[in-house]
$ cat query_9.pdb   # PDB, C-alpha atoms
ATOM      1  CA  ALA B 769      17.270   4.884  30.388  1.00  0.00           C
ATOM      2  CA  GLN B 770      14.784   7.057  28.565  1.00  0.00           C
ATOM      3  CA  SER B 771      11.235   5.825  28.878  1.00  0.00           C
ATOM      4  CA  VAL B 772       7.593   6.803  29.003  1.00  0.00           C
ATOM      5  CA  THR B 773       5.084   5.022  31.202  1.00  0.00           C
ATOM      6  CA  GLN B 774       1.335   5.201  30.878  1.00  0.00           C
ATOM      7  CA  PRO B 775       0.168   3.210  33.901  1.00  0.00           C
ATOM      8  CA  ASP B 776      -3.402   2.713  32.722  1.00  0.00           C
ATOM      9  CA  ILE B 777      -3.870   0.390  29.766  1.00  0.00           C
ATOM     10  CA  HIS B 778      -7.629   0.899  29.611  1.00  0.00           C
ATOM     11  CA  ILE B 779      -9.926   3.452  31.217  1.00  0.00           C
ATOM     12  CA  THR B 780     -13.706   3.664  31.049  1.00  0.00           C
ATOM     13  CA  VAL B 781     -15.533   6.867  31.937  1.00  0.00           C
ATOM     14  CA  SER B 782     -19.120   7.986  31.629  1.00  0.00           C
ATOM     15  CA  GLU B 783     -20.002  10.639  29.116  1.00  0.00           C
ATOM     16  CA  GLY B 784     -19.867  14.028  30.783  1.00  0.00           C
ATOM     17  CA  ALA B 785     -17.453  12.885  33.469  1.00  0.00           C
ATOM     18  CA  SER B 786     -13.972  14.290  33.878  1.00  0.00           C
ATOM     19  CA  LEU B 787     -10.918  12.484  32.596  1.00  0.00           C
ATOM     20  CA  GLU B 788      -7.284  12.262  33.590  1.00  0.00           C
ATOM     21  CA  LEU B 789      -4.776  10.097  31.749  1.00  0.00           C
ATOM     22  CA  ARG B 790      -1.439   9.613  33.434  1.00  0.00           C
ATOM     23  CA  CYS B 791       1.994   9.856  31.882  1.00  0.00           C
ATOM     24  CA  ASN B 792       5.352   9.564  33.623  1.00  0.00           C
ATOM     25  CA  TYR B 793       8.665   9.866  31.865  1.00  0.00           C
ATOM     26  CA  SER B 794      12.348   9.354  32.421  1.00  0.00           C
ATOM     27  CA  TYR B 795      14.530  11.604  30.314  1.00  0.00           C
ATOM     28  CA  GLY B 796      18.009  12.984  30.816  1.00  0.00           C
ATOM     29  CA  ALA B 797      17.663  16.401  29.244  1.00  0.00           C
ATOM     30  CA  THR B 798      14.893  18.952  29.043  1.00  0.00           C
ATOM     31  CA  PRO B 799      12.254  17.142  27.036  1.00  0.00           C
ATOM     32  CA  TYR B 800       9.651  18.031  24.506  1.00  0.00           C
ATOM     33  CA  LEU B 801       6.372  16.431  25.677  1.00  0.00           C
ATOM     34  CA  PHE B 802       3.440  15.420  23.518  1.00  0.00           C
ATOM     35  CA  TRP B 803       0.049  13.825  23.673  1.00  0.00           C
ATOM     36  CA  TYR B 804      -1.312  12.121  20.564  1.00  0.00           C
ATOM     37  CA  VAL B 805      -4.725  10.574  19.966  1.00  0.00           C
ATOM     38  CA  GLN B 806      -5.471   7.657  17.666  1.00  0.00           C
ATOM     39  CA  SER B 807      -9.010   6.860  16.578  1.00  0.00           C
ATOM     40  CA  PRO B 808      -9.678   3.307  15.370  1.00  0.00           C
ATOM     41  CA  GLY B 809      -8.101   2.652  11.991  1.00  0.00           C
ATOM     42  CA  GLN B 810      -6.515   6.082  11.882  1.00  0.00           C
ATOM     43  CA  GLY B 811      -3.093   7.588  12.298  1.00  0.00           C
ATOM     44  CA  LEU B 812      -1.943   9.597  15.286  1.00  0.00           C
ATOM     45  CA  GLN B 813      -3.120  13.174  15.680  1.00  0.00           C
ATOM     46  CA  LEU B 814      -1.370  15.684  17.898  1.00  0.00           C
ATOM     47  CA  LEU B 815      -3.483  16.874  20.832  1.00  0.00           C
ATOM     48  CA  LEU B 816      -0.975  19.186  22.476  1.00  0.00           C
ATOM     49  CA  LYS B 817       2.703  19.714  23.179  1.00  0.00           C
ATOM     50  CA  TYR B 818       4.926  21.308  25.791  1.00  0.00           C
ATOM     51  CA  PHE B 819       8.464  22.515  25.802  1.00  0.00           C
ATOM     52  CA  SER B 820       8.676  25.523  28.059  1.00  0.00           C
ATOM     53  CA  GLY B 821       6.650  28.292  29.596  1.00  0.00           C
ATOM     54  CA  ASP B 822       3.304  27.876  31.308  1.00  0.00           C
ATOM     55  CA  THR B 823       3.145  24.349  32.680  1.00  0.00           C
ATOM     56  CA  LEU B 824      -0.558  24.057  31.855  1.00  0.00           C
ATOM     57  CA  VAL B 825      -0.941  23.525  28.127  1.00  0.00           C
ATOM     58  CA  GLN B 826      -4.159  23.779  26.170  1.00  0.00           C
ATOM     59  CA  GLY B 827      -4.761  21.545  23.192  1.00  0.00           C
ATOM     60  CA  ILE B 828      -7.408  20.705  20.662  1.00  0.00           C
ATOM     61  CA  LYS B 829     -10.802  19.165  21.427  1.00  0.00           C
ATOM     62  CA  GLY B 830     -10.899  20.700  24.915  1.00  0.00           C
ATOM     63  CA  PHE B 831      -7.916  18.767  26.268  1.00  0.00           C
ATOM     64  CA  GLU B 832      -5.231  20.187  28.522  1.00  0.00           C
ATOM     65  CA  ALA B 833      -2.114  18.779  30.131  1.00  0.00           C
ATOM     66  CA  GLU B 834      -0.014  19.835  33.068  1.00  0.00           C
ATOM     67  CA  PHE B 835       3.746  19.420  33.221  1.00  0.00           C
ATOM     68  CA  LYS B 836       5.093  18.688  36.686  1.00  0.00           C
ATOM     69  CA  ARG B 837       8.867  18.582  36.613  1.00  0.00           C
ATOM     70  CA  SER B 838       9.199  17.380  40.210  1.00  0.00           C
ATOM     71  CA  GLN B 839       7.024  14.371  39.463  1.00  0.00           C
ATOM     72  CA  SER B 840       8.271  13.797  35.883  1.00  0.00           C
ATOM     73  CA  SER B 841       4.658  13.733  34.827  1.00  0.00           C
ATOM     74  CA  PHE B 842       2.608  15.144  31.982  1.00  0.00           C
ATOM     75  CA  ASN B 843      -0.980  14.134  32.672  1.00  0.00           C
ATOM     76  CA  LEU B 844      -3.758  14.757  30.186  1.00  0.00           C
ATOM     77  CA  ARG B 845      -7.127  16.079  31.370  1.00  0.00           C
ATOM     78  CA  LYS B 846     -10.535  16.936  30.057  1.00  0.00           C
ATOM     79  CA  PRO B 847     -13.337  18.379  32.214  1.00  0.00           C
ATOM     80  CA  SER B 848     -16.213  16.669  30.391  1.00  0.00           C
ATOM     81  CA  VAL B 849     -15.739  13.673  28.127  1.00  0.00           C
ATOM     82  CA  HIS B 850     -17.752  13.217  24.936  1.00  0.00           C
ATOM     83  CA  TRP B 851     -18.535   9.882  23.301  1.00  0.00           C
ATOM     84  CA  SER B 852     -16.337  10.911  20.365  1.00  0.00           C
ATOM     85  CA  ASP B 853     -13.307  11.000  22.682  1.00  0.00           C
ATOM     86  CA  ALA B 854     -13.204   7.206  22.734  1.00  0.00           C
ATOM     87  CA  ALA B 855      -9.795   6.420  21.266  1.00  0.00           C
ATOM     88  CA  GLU B 856      -6.277   5.445  22.213  1.00  0.00           C
ATOM     89  CA  TYR B 857      -4.039   8.104  23.700  1.00  0.00           C
ATOM     90  CA  PHE B 858      -0.280   8.147  23.549  1.00  0.00           C
ATOM     91  CA  CYS B 859       2.154  10.199  25.565  1.00  0.00           C
ATOM     92  CA  ALA B 860       5.559  10.841  23.984  1.00  0.00           C
ATOM     93  CA  VAL B 861       8.796  12.496  25.014  1.00  0.00           C
ATOM     94  CA  GLY B 862      11.665  13.619  22.861  1.00  0.00           C
ATOM     95  CA  PRO B 863      14.535  16.034  22.405  1.00  0.00           C
ATOM     96  CA  LEU B 864      14.089  19.629  21.403  1.00  0.00           C
ATOM     97  CA  ILE B 865      16.051  18.989  18.237  1.00  0.00           C
ATOM     98  CA  TYR B 866      16.080  15.653  16.429  1.00  0.00           C
ATOM     99  CA  ASN B 867      19.737  15.558  15.612  1.00  0.00           C
ATOM    100  CA  GLN B 868      22.281  12.846  16.262  1.00  0.00           C
ATOM    101  CA  GLY B 869      19.606  10.230  16.378  1.00  0.00           C
ATOM    102  CA  GLY B 870      17.278  11.965  18.780  1.00  0.00           C
ATOM    103  CA  LYS B 871      13.761  10.667  18.473  1.00  0.00           C
ATOM    104  CA  LEU B 872      10.378  10.519  20.151  1.00  0.00           C
ATOM    105  CA  ILE B 873       9.765   7.789  22.688  1.00  0.00           C
ATOM    106  CA  PHE B 874       6.168   6.688  23.025  1.00  0.00           C
ATOM    107  CA  GLY B 875       4.289   5.219  25.928  1.00  0.00           C
ATOM    108  CA  GLN B 876       2.313   2.027  25.528  1.00  0.00           C
ATOM    109  CA  GLY B 877      -0.942   3.902  25.132  1.00  0.00           C
ATOM    110  CA  THR B 878      -4.158   4.203  27.133  1.00  0.00           C
ATOM    111  CA  GLU B 879      -7.382   3.069  25.547  1.00  0.00           C
ATOM    112  CA  LEU B 880     -10.341   5.222  26.542  1.00  0.00           C
ATOM    113  CA  SER B 881     -13.884   3.891  26.437  1.00  0.00           C
ATOM    114  CA  VAL B 882     -16.849   6.200  27.034  1.00  0.00           C
ATOM    115  CA  LYS B 883     -20.095   4.906  28.527  1.00  0.00           C
ATOM    116  CA  PRO B 884     -23.333   6.603  27.473  1.00  0.00           C
TER     117      PRO B 884
ATOM    118  CA  ASN Z1264      -3.742  19.014   2.465  1.00  0.00           C
ATOM    119  CA  ALA Z1265      -2.287  15.562   1.824  1.00  0.00           C
ATOM    120  CA  GLY Z1266       0.354  15.645   4.579  1.00  0.00           C
ATOM    121  CA  VAL Z1267       1.783  12.127   4.905  1.00  0.00           C
ATOM    122  CA  THR Z1268       0.445   9.458   2.572  1.00  0.00           C
ATOM    123  CA  GLN Z1269       1.145   5.740   2.889  1.00  0.00           C
ATOM    124  CA  THR Z1270       0.558   3.051   0.279  1.00  0.00           C
ATOM    125  CA  PRO Z1271      -0.715   0.420   0.348  1.00  0.00           C
ATOM    126  CA  LYS Z1272      -3.105   0.640   3.293  1.00  0.00           C
ATOM    127  CA  PHE Z1273      -3.605  -3.123   3.523  1.00  0.00           C
ATOM    128  CA  ARG Z1274      -1.505  -6.040   2.388  1.00  0.00           C
ATOM    129  CA  VAL Z1275      -1.437  -9.781   2.998  1.00  0.00           C
ATOM    130  CA  LEU Z1276       1.797 -11.657   2.360  1.00  0.00           C
ATOM    131  CA  LYS Z1277       2.938 -15.222   2.598  1.00  0.00           C
ATOM    132  CA  THR Z1278       6.028 -16.036   4.620  1.00  0.00           C
ATOM    133  CA  GLY Z1279       9.129 -15.371   2.554  1.00  0.00           C
ATOM    134  CA  GLN Z1280       7.555 -12.899   0.156  1.00  0.00           C
ATOM    135  CA  SER Z1281       8.897  -9.396  -0.225  1.00  0.00           C
ATOM    136  CA  MET Z1282       7.173  -6.049  -0.377  1.00  0.00           C
ATOM    137  CA  THR Z1283       7.730  -2.321  -0.159  1.00  0.00           C
ATOM    138  CA  LEU Z1284       5.714   0.274   1.704  1.00  0.00           C
ATOM    139  CA  LEU Z1285       5.812   3.767   0.288  1.00  0.00           C
ATOM    140  CA  CYS Z1286       5.576   6.952   2.306  1.00  0.00           C
ATOM    141  CA  ALA Z1287       5.247  10.368   0.718  1.00  0.00           C
ATOM    142  CA  GLN Z1288       5.109  13.740   2.444  1.00  0.00           C
ATOM    143  CA  ASP Z1289       4.404  17.120   0.927  1.00  0.00           C
ATOM    144  CA  MET Z1290       5.487  19.331   3.845  1.00  0.00           C
ATOM    145  CA  ASN Z1291       9.148  19.601   2.857  1.00  0.00           C
ATOM    146  CA  HIS Z1292      10.166  17.936   6.119  1.00  0.00           C
ATOM    147  CA  GLU Z1293      13.762  16.886   6.588  1.00  0.00           C
ATOM    148  CA  TYR Z1294      13.100  13.982   8.934  1.00  0.00           C
ATOM    149  CA  MET Z1295      11.080  10.879   8.155  1.00  0.00           C
ATOM    150  CA  TYR Z1296      10.400   7.781  10.242  1.00  0.00           C
ATOM    151  CA  TRP Z1297       8.933   4.314  10.054  1.00  0.00           C
ATOM    152  CA  TYR Z1298       7.243   2.926  13.168  1.00  0.00           C
ATOM    153  CA  ARG Z1299       5.448  -0.287  13.846  1.00  0.00           C
ATOM    154  CA  GLN Z1300       2.530  -0.532  16.237  1.00  0.00           C
ATOM    155  CA  ASP Z1301       1.684  -3.719  18.062  1.00  0.00           C
ATOM    156  CA  PRO Z1302      -0.936  -4.201  20.794  1.00  0.00           C
ATOM    157  CA  GLY Z1303       0.322  -3.170  24.221  1.00  0.00           C
ATOM    158  CA  MET Z1304       3.692  -2.031  22.891  1.00  0.00           C
ATOM    159  CA  GLY Z1305       3.010   1.470  21.672  1.00  0.00           C
ATOM    160  CA  LEU Z1306       5.013   2.623  18.684  1.00  0.00           C
ATOM    161  CA  ARG Z1307       8.504   1.331  18.064  1.00  0.00           C
ATOM    162  CA  LEU Z1308      10.885   3.022  15.684  1.00  0.00           C
ATOM    163  CA  ILE Z1309      12.162   0.819  12.863  1.00  0.00           C
ATOM    164  CA  HIS Z1310      14.310   3.180  10.800  1.00  0.00           C
ATOM    165  CA  TYR Z1311      14.519   6.889  10.268  1.00  0.00           C
ATOM    166  CA  SER Z1312      16.092   9.412   7.942  1.00  0.00           C
ATOM    167  CA  VAL Z1313      17.508  12.853   8.669  1.00  0.00           C
ATOM    168  CA  GLY Z1314      17.647  13.901   5.043  1.00  0.00           C
ATOM    169  CA  GLU Z1315      17.702  12.810   1.435  1.00  0.00           C
ATOM    170  CA  GLY Z1316      20.136   9.963   0.900  1.00  0.00           C
ATOM    171  CA  THR Z1317      20.537   9.171   4.608  1.00  0.00           C
ATOM    172  CA  THR Z1318      19.016   6.445   6.755  1.00  0.00           C
ATOM    173  CA  ALA Z1319      19.629   5.120  10.251  1.00  0.00           C
ATOM    174  CA  LYS Z1320      18.484   2.245  12.424  1.00  0.00           C
ATOM    175  CA  GLY Z1321      15.902   2.674  15.106  1.00  0.00           C
ATOM    176  CA  GLU Z1322      14.854   0.406  17.923  1.00  0.00           C
ATOM    177  CA  VAL Z1323      13.680  -2.626  15.897  1.00  0.00           C
ATOM    178  CA  PRO Z1324      15.446  -2.569  12.494  1.00  0.00           C
ATOM    179  CA  ASP Z1325      16.013  -6.288  11.913  1.00  0.00           C
ATOM    180  CA  GLY Z1326      14.272  -7.684   8.847  1.00  0.00           C
ATOM    181  CA  TYR Z1327      13.643  -4.262   7.307  1.00  0.00           C
ATOM    182  CA  ASN Z1328      15.468  -2.025   4.883  1.00  0.00           C
ATOM    183  CA  VAL Z1329      14.765   1.574   3.925  1.00  0.00           C
ATOM    184  CA  SER Z1330      15.703   4.080   1.292  1.00  0.00           C
ATOM    185  CA  ARG Z1331      15.316   7.828   0.921  1.00  0.00           C
ATOM    186  CA  LEU Z1332      16.281   8.672  -2.630  1.00  0.00           C
ATOM    187  CA  LYS Z1333      14.066  11.739  -2.713  1.00  0.00           C
ATOM    188  CA  LYS Z1334      13.359  14.115   0.149  1.00  0.00           C
ATOM    189  CA  GLN Z1335       9.626  13.578  -0.030  1.00  0.00           C
ATOM    190  CA  ASN Z1336       9.680   9.773  -0.121  1.00  0.00           C
ATOM    191  CA  PHE Z1337      10.713   7.139   2.410  1.00  0.00           C
ATOM    192  CA  LEU Z1338      10.430   3.480   1.462  1.00  0.00           C
ATOM    193  CA  LEU Z1339      10.266   0.551   3.863  1.00  0.00           C
ATOM    194  CA  GLY Z1340      11.149  -2.853   2.477  1.00  0.00           C
ATOM    195  CA  LEU Z1341      10.677  -6.367   3.748  1.00  0.00           C
ATOM    196  CA  GLU Z1342      12.947  -8.750   1.842  1.00  0.00           C
ATOM    197  CA  SER Z1343      11.601 -11.992   3.316  1.00  0.00           C
ATOM    198  CA  ALA Z1344       8.459 -11.480   5.344  1.00  0.00           C
ATOM    199  CA  ALA Z1345       7.919 -13.369   8.583  1.00  0.00           C
ATOM    200  CA  PRO Z1346       4.755 -13.758  10.688  1.00  0.00           C
ATOM    201  CA  SER Z1347       6.430 -11.662  13.408  1.00  0.00           C
ATOM    202  CA  GLN Z1348       6.251  -8.720  11.014  1.00  0.00           C
ATOM    203  CA  THR Z1349       2.465  -8.746  11.076  1.00  0.00           C
ATOM    204  CA  SER Z1350       1.757  -5.268  12.366  1.00  0.00           C
ATOM    205  CA  VAL Z1351       0.463  -1.818  11.563  1.00  0.00           C
ATOM    206  CA  TYR Z1352       3.161   0.367  10.082  1.00  0.00           C
ATOM    207  CA  PHE Z1353       3.152   4.124  10.416  1.00  0.00           C
ATOM    208  CA  CYS Z1354       5.221   6.623   8.553  1.00  0.00           C
ATOM    209  CA  ALA Z1355       5.842  10.039  10.040  1.00  0.00           C
ATOM    210  CA  SER Z1356       7.721  13.175   9.158  1.00  0.00           C
ATOM    211  CA  SER Z1357       8.947  16.207  11.037  1.00  0.00           C
ATOM    212  CA  LEU Z1358      11.062  19.295  10.913  1.00  0.00           C
ATOM    213  CA  ILE Z1359      14.274  19.073  12.924  1.00  0.00           C
ATOM    214  CA  THR Z1360      12.226  20.185  15.911  1.00  0.00           C
ATOM    215  CA  GLY Z1361       8.614  19.865  16.922  1.00  0.00           C
ATOM    216  CA  GLU Z1362       5.931  17.310  16.479  1.00  0.00           C
ATOM    217  CA  LEU Z1363       5.744  14.322  14.179  1.00  0.00           C
ATOM    218  CA  PHE Z1364       3.050  14.165  11.513  1.00  0.00           C
ATOM    219  CA  PHE Z1365       1.723  10.676  10.884  1.00  0.00           C
ATOM    220  CA  GLY Z1366       0.225   8.853   7.963  1.00  0.00           C
ATOM    221  CA  GLU Z1367      -2.903   6.752   8.374  1.00  0.00           C
ATOM    222  CA  GLY Z1368      -1.021   3.493   8.621  1.00  0.00           C
ATOM    223  CA  SER Z1369      -0.486   0.350   6.588  1.00  0.00           C
ATOM    224  CA  ARG Z1370      -1.823  -2.906   7.964  1.00  0.00           C
ATOM    225  CA  LEU Z1371       0.353  -5.863   7.024  1.00  0.00           C
ATOM    226  CA  THR Z1372      -0.521  -9.489   7.650  1.00  0.00           C
ATOM    227  CA  VAL Z1373       2.050 -12.216   7.059  1.00  0.00           C
ATOM    228  CA  LEU Z1374       0.654 -15.724   6.849  1.00  0.00           C
TER     229      LEU Z1374
END
$ encode --input "query_9.pdb" --output "structure tokens"
Amino acid sequence: AQSVTQPDIHITVSEGASLELRCNYSYGATPYLFWYVQSPGQGLQLLLKYFSGDTLVQGIKGFEAEFKRSQSSFNLRKPSVHWSDAAEYFCAVGPLIYNQGGKLIFGQGTELSVKP
Amino acid sequence: NAGVTQTPKFRVLKTGQSMTLLCAQDMNHEYMYWYRQDPGMGLRLIHYSVGEGTTAKGEVPDGYNVSRLKKQNFLLGLESAAPSQTSVYFCASSLITGELFFGEGSRLTVL
């Protein structure tokens, strides 16, 4: 079955510390991988995406993610967290082309809190 | 840059009432989606559309109906609201490949 697992429901880090959010997926074909961020009361904003090429992907707001095919993982990282990064983060996996009912599958989300 | 716009943003209903959520996108996207977001469950797809005049069921379609009479609009209807439909609803749109673009959400409470 196709699925996305974000093992950490809630993470707290100190401002300035590094961050890694985990994402593991199960998908039959070559997937498109995404990380979205949701600030309180807002919609989801795309942080970065991966389909092919360099397995280390750079995104907005200083985030990056690394695709590891052997581990079926797409972990999100940031070297130094800012208080404004406090939000909920969603990993998603989907087909290259959304035909025949193909769609994105989302993880349950990881809520990030940032301590001053 | 309007992107994806949802109306209304907040609504309170009584059990058994009906309502319609409207989603409009100005990016000429073929695909549109309705998701619901509940705590600890991520986003679950209710219905989606691959083009004007077409709709299809997603993961949790029961109790909802949709229509896509115009390419830019995707309506989500609740014919007889139930407390279990209390949720935040998100509309999204996309090309046939690539990322989804989301609206800001519509918070629905059913009493």
$ interface_residues --input "query_9.pdb" --of "chain Z" --to "chain B" --cutoff "7 Å" --atoms "only C-alpha atoms" --output "NGL selection string"
:Z and (1303-1306 or 1359-1360 or 1365-1368)
$ atom_distance --input "query_9.pdb" --atom1 "atom CA of Leu1371 of chain Z" --atom2 "atom CA of Gly1326 of chain Z"
14.2 Å
$ atom_distance --input "query_9.pdb" --atom1 "atom CA of Pro775 of chain B" --atom2 "atom CA of Glu1322 of chain Z"
21.9 Å
$ closest_residue --input "query_9.pdb" --among "B:Gln826, B:Ser840, B:Gln774, B:Ser782" --to "Thr798 of chain B" --atoms "all atoms listed in the file"
B:Ser840
$ resolve_selection --input "query_9.pdb" --expression "the PyMOL selection byres ((chain Z and resi 1347) around 10)" --output "PyMOL selection string"
chain Z and resi 1278+1326+1344-1346+1348-1350+1372-1374
$ atom_distance --input "query_9.pdb" --atom1 "atom CA of Asn792 of chain B" --atom2 "atom CA of Gly830 of chain B"
21.5 Å
